[in-house]
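In what follows, a structure is listed as structure tokens, so that the remarks can point back to it.
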Amino acid sequence: MTTHLVTGAGSGIGAVLSRRLLARGDDVVALARDAGRARTIAEELPGATVLVGDLAQPGRLSWALSKQQLPQRIDSLVHVAGVVVLGDVGDLPPAIWEQQLAVNLIAPAELTRLLLPVLRVSQGHVVFVNSGAGLRASPGWSAYAASKHGLRALADALRAEEAQHGVRVTSVFPGRTATPMQQRVRQQEGQDYDAGEFITPDAVATTILTALDLPRDAHLTELTIRPGL
């Protein structure tokens, strides 16, 4: 049985990916920010196991996970969760920077660190769902883009460090995707939201599954996804 730990499994890309993994018979362990959210995710993803750990407080993840039963085997750790708050550099207070760096960068680093011993045993796969903002920063996107540029650096370093243990690392860079996060982004931009203009979460999930399902003689390190014509 193949086991995947997925953050952000409650909506968008993470939810679609988790449903597809469960549908094919894989085990899914979802990470929820609190007990209430855990109950909701458990109802929405029948068959999934749900752990509680707040990515906004990465320093407490070790303590939180130590109080729960972790799977003995993890074949993939898929980082999907993220937050975005737009604003010009001259307008963003430290709290906004700290929030996005915590959830988008520090928490993935800490969660990966905590689970590396298990991932090494299984020669598992770490997938970071990054963003087009992780490749190029645009006006108003400084804090989010900084967190995602950092996430790419984290993935690159981890890939080189863990090659000796057989752990594969993939960064996925989707363009704008039709998710609840994108709805909030459009509101911040003062623009209408039309899901038809964006990549579907299913397309991104398919890309992640492609990376996960490759045989051991192949390793997709970076994948960039853009809306089709």
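Each chain of the structure tokens is named A, B, ... in the order shown, its residues numbered from 1; ligands are numbered from 1 in display order.
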Restrict the calculation to only C-alpha atoms, then for each residue of region 76-124 of chain A with any atom at most 7 Å from an atom of region 147-171 of chain A give the closest atom pair and their distance in Å to one decimal, rows by chain and rising residue number, as a tab-separated table.
```
residue	atom	partner	partner_atom	distance
A:Gln100	CA	A:Ser147	CA	6.6
A:Leu101	CA	A:Ser147	CA	5.2
A:Asn104	CA	A:Ser147	CA	5.9
A:Leu105	CA	A:Leu151	CA	5.5
A:Leu119	CA	A:Val167	CA	6.9
A:Arg120	CA	A:His165	CA	5.7
A:Gln123	CA	A:Val167	CA	4.8
A:Gly124	CA	A:Val167	CA	5.1
```
Please produce a file of those selected residues containing N, CA, C and O atoms, as a short mmCIF file (atom, residue, chain, number, x, y, z; two decimals), in the first residue's frame.
```cif
data_model
loop_
_atom_site.label_atom_id
_atom_site.label_comp_id
_atom_site.auth_asym_id
_atom_site.auth_seq_id
_atom_site.Cartn_x
_atom_site.Cartn_y
_atom_site.Cartn_z
N GLN A 100 3.16 34.68 5.53
CA GLN A 100 3.38 33.98 4.27
C GLN A 100 4.67 33.17 4.30
O GLN A 100 4.72 32.05 3.76
N LEU A 101 5.70 33.70 4.92
CA LEU A 101 6.94 32.94 5.02
C LEU A 101 6.75 31.71 5.91
O LEU A 101 7.30 30.64 5.63
N ASN A 104 4.21 29.21 3.81
CA ASN A 104 4.65 28.83 2.47
C ASN A 104 6.08 28.29 2.41
O ASN A 104 6.44 27.62 1.45
N LEU A 105 6.89 28.59 3.42
CA LEU A 105 8.30 28.21 3.35
C LEU A 105 8.80 27.49 4.60
O LEU A 105 9.31 26.38 4.52
N LEU A 119 10.78 9.01 5.22
CA LEU A 119 10.90 9.11 3.77
C LEU A 119 12.16 8.43 3.26
O LEU A 119 12.18 7.83 2.18
N ARG A 120 13.23 8.49 4.03
CA ARG A 120 14.48 7.84 3.63
C ARG A 120 14.32 6.32 3.60
O ARG A 120 14.82 5.65 2.70
N GLN A 123 12.49 5.45 0.58
CA GLN A 123 12.99 6.13 -0.62
C GLN A 123 11.84 6.89 -1.28
O GLN A 123 11.53 6.72 -2.46
N GLY A 124 11.24 7.75 -0.48
CA GLY A 124 10.04 8.44 -0.90
C GLY A 124 10.26 9.66 -1.77
O GLY A 124 11.37 9.89 -2.28
#
```
Nearby residues (only C-alpha atoms) at most 12 Å from Leu115 (chain A), same-chain spacing under 4 positions excluded, as a count of residues only: 28
DSSP on the backbone, then: every residue of region 144-193 of chain A marked alpha helix (DSSP H), written as number ranges by chain. A: 144-162, 180-189
Shell of 9 Å around region 184-189 of chain A, only C-alpha atoms, local chain residues under 2 positions omitted, as a count of residues only: 11
May I have the residues within 10 Å of region 216-229 of chain A as JSON, numbers by chain, using only C-alpha atoms and disregarding those fewer than 2 positions away in the same chain? {"A": [123, 125, 127, 128, 129, 130, 131, 132, 135, 152, 155, 156, 159, 166, 168, 169, 170, 171, 172, 173, 174, 175, 176, 177, 197, 198, 199, 200, 203, 204, 207, 208, 210, 211, 212, 213, 214]}
Give the answer as one residue: which of A:Val89, A:Ile13, A:Ala95, A:Leu31 has the shortest atom-to-atom distance to Ala137 (chain A), using only C-alpha atoms?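 So, comparing all the options, the nearest one is A:Val89.
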If you run DSSP over the backbone, which residues in region 3-173 of chain A end up strand (DSSP E)? Put them as a count of residues only. 30
Identify which of the residues A:Ala143, A:Arg60, A:Arg19, A:Gln68 lies closest to Pro46 (chain A), counting only C-alpha atoms when measuring atom-to-atom distances.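 Between A:Ala143, A:Arg60, A:Arg19, A:Gln68, the residue approaching Pro46 (chain A) most closely is A:Arg19.
For Gly14 (chain A), the set of protein, DNA and RNA residues having any atom at most 8 Å away, when counting only C-alpha atoms and skipping those fewer than 6 positions along the same chain, is Val6, Thr7, Gly8, Val80, Ala81 and Ala205 of chain A.
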d(CA of Thr40 (chain A), CA of Gly10 (chain A)) in Å: 8.0 Å
Within 7 Å of region 52-58 of chain A using only C-alpha atoms, minus same-chain residues under 2 positions, as a PyMOL selection string: chain A and resi 31-35+38+50+60-61+64-65+99+102-103+106-107+110
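Nearest to Ser11 (chain A) of all the residues A:Ala145, A:Ala195, A:Val118, A:Leu45 is A:Leu45, based on only C-alpha atoms.
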Set the distance at 9 Å and use only C-alpha atoms: which residues neighbour Thr49 (chain A) once local chain neighbours fewer than 5 positions away are removed? I'd like the list as a PyMOL selection string. chain A and resi 27-31+42
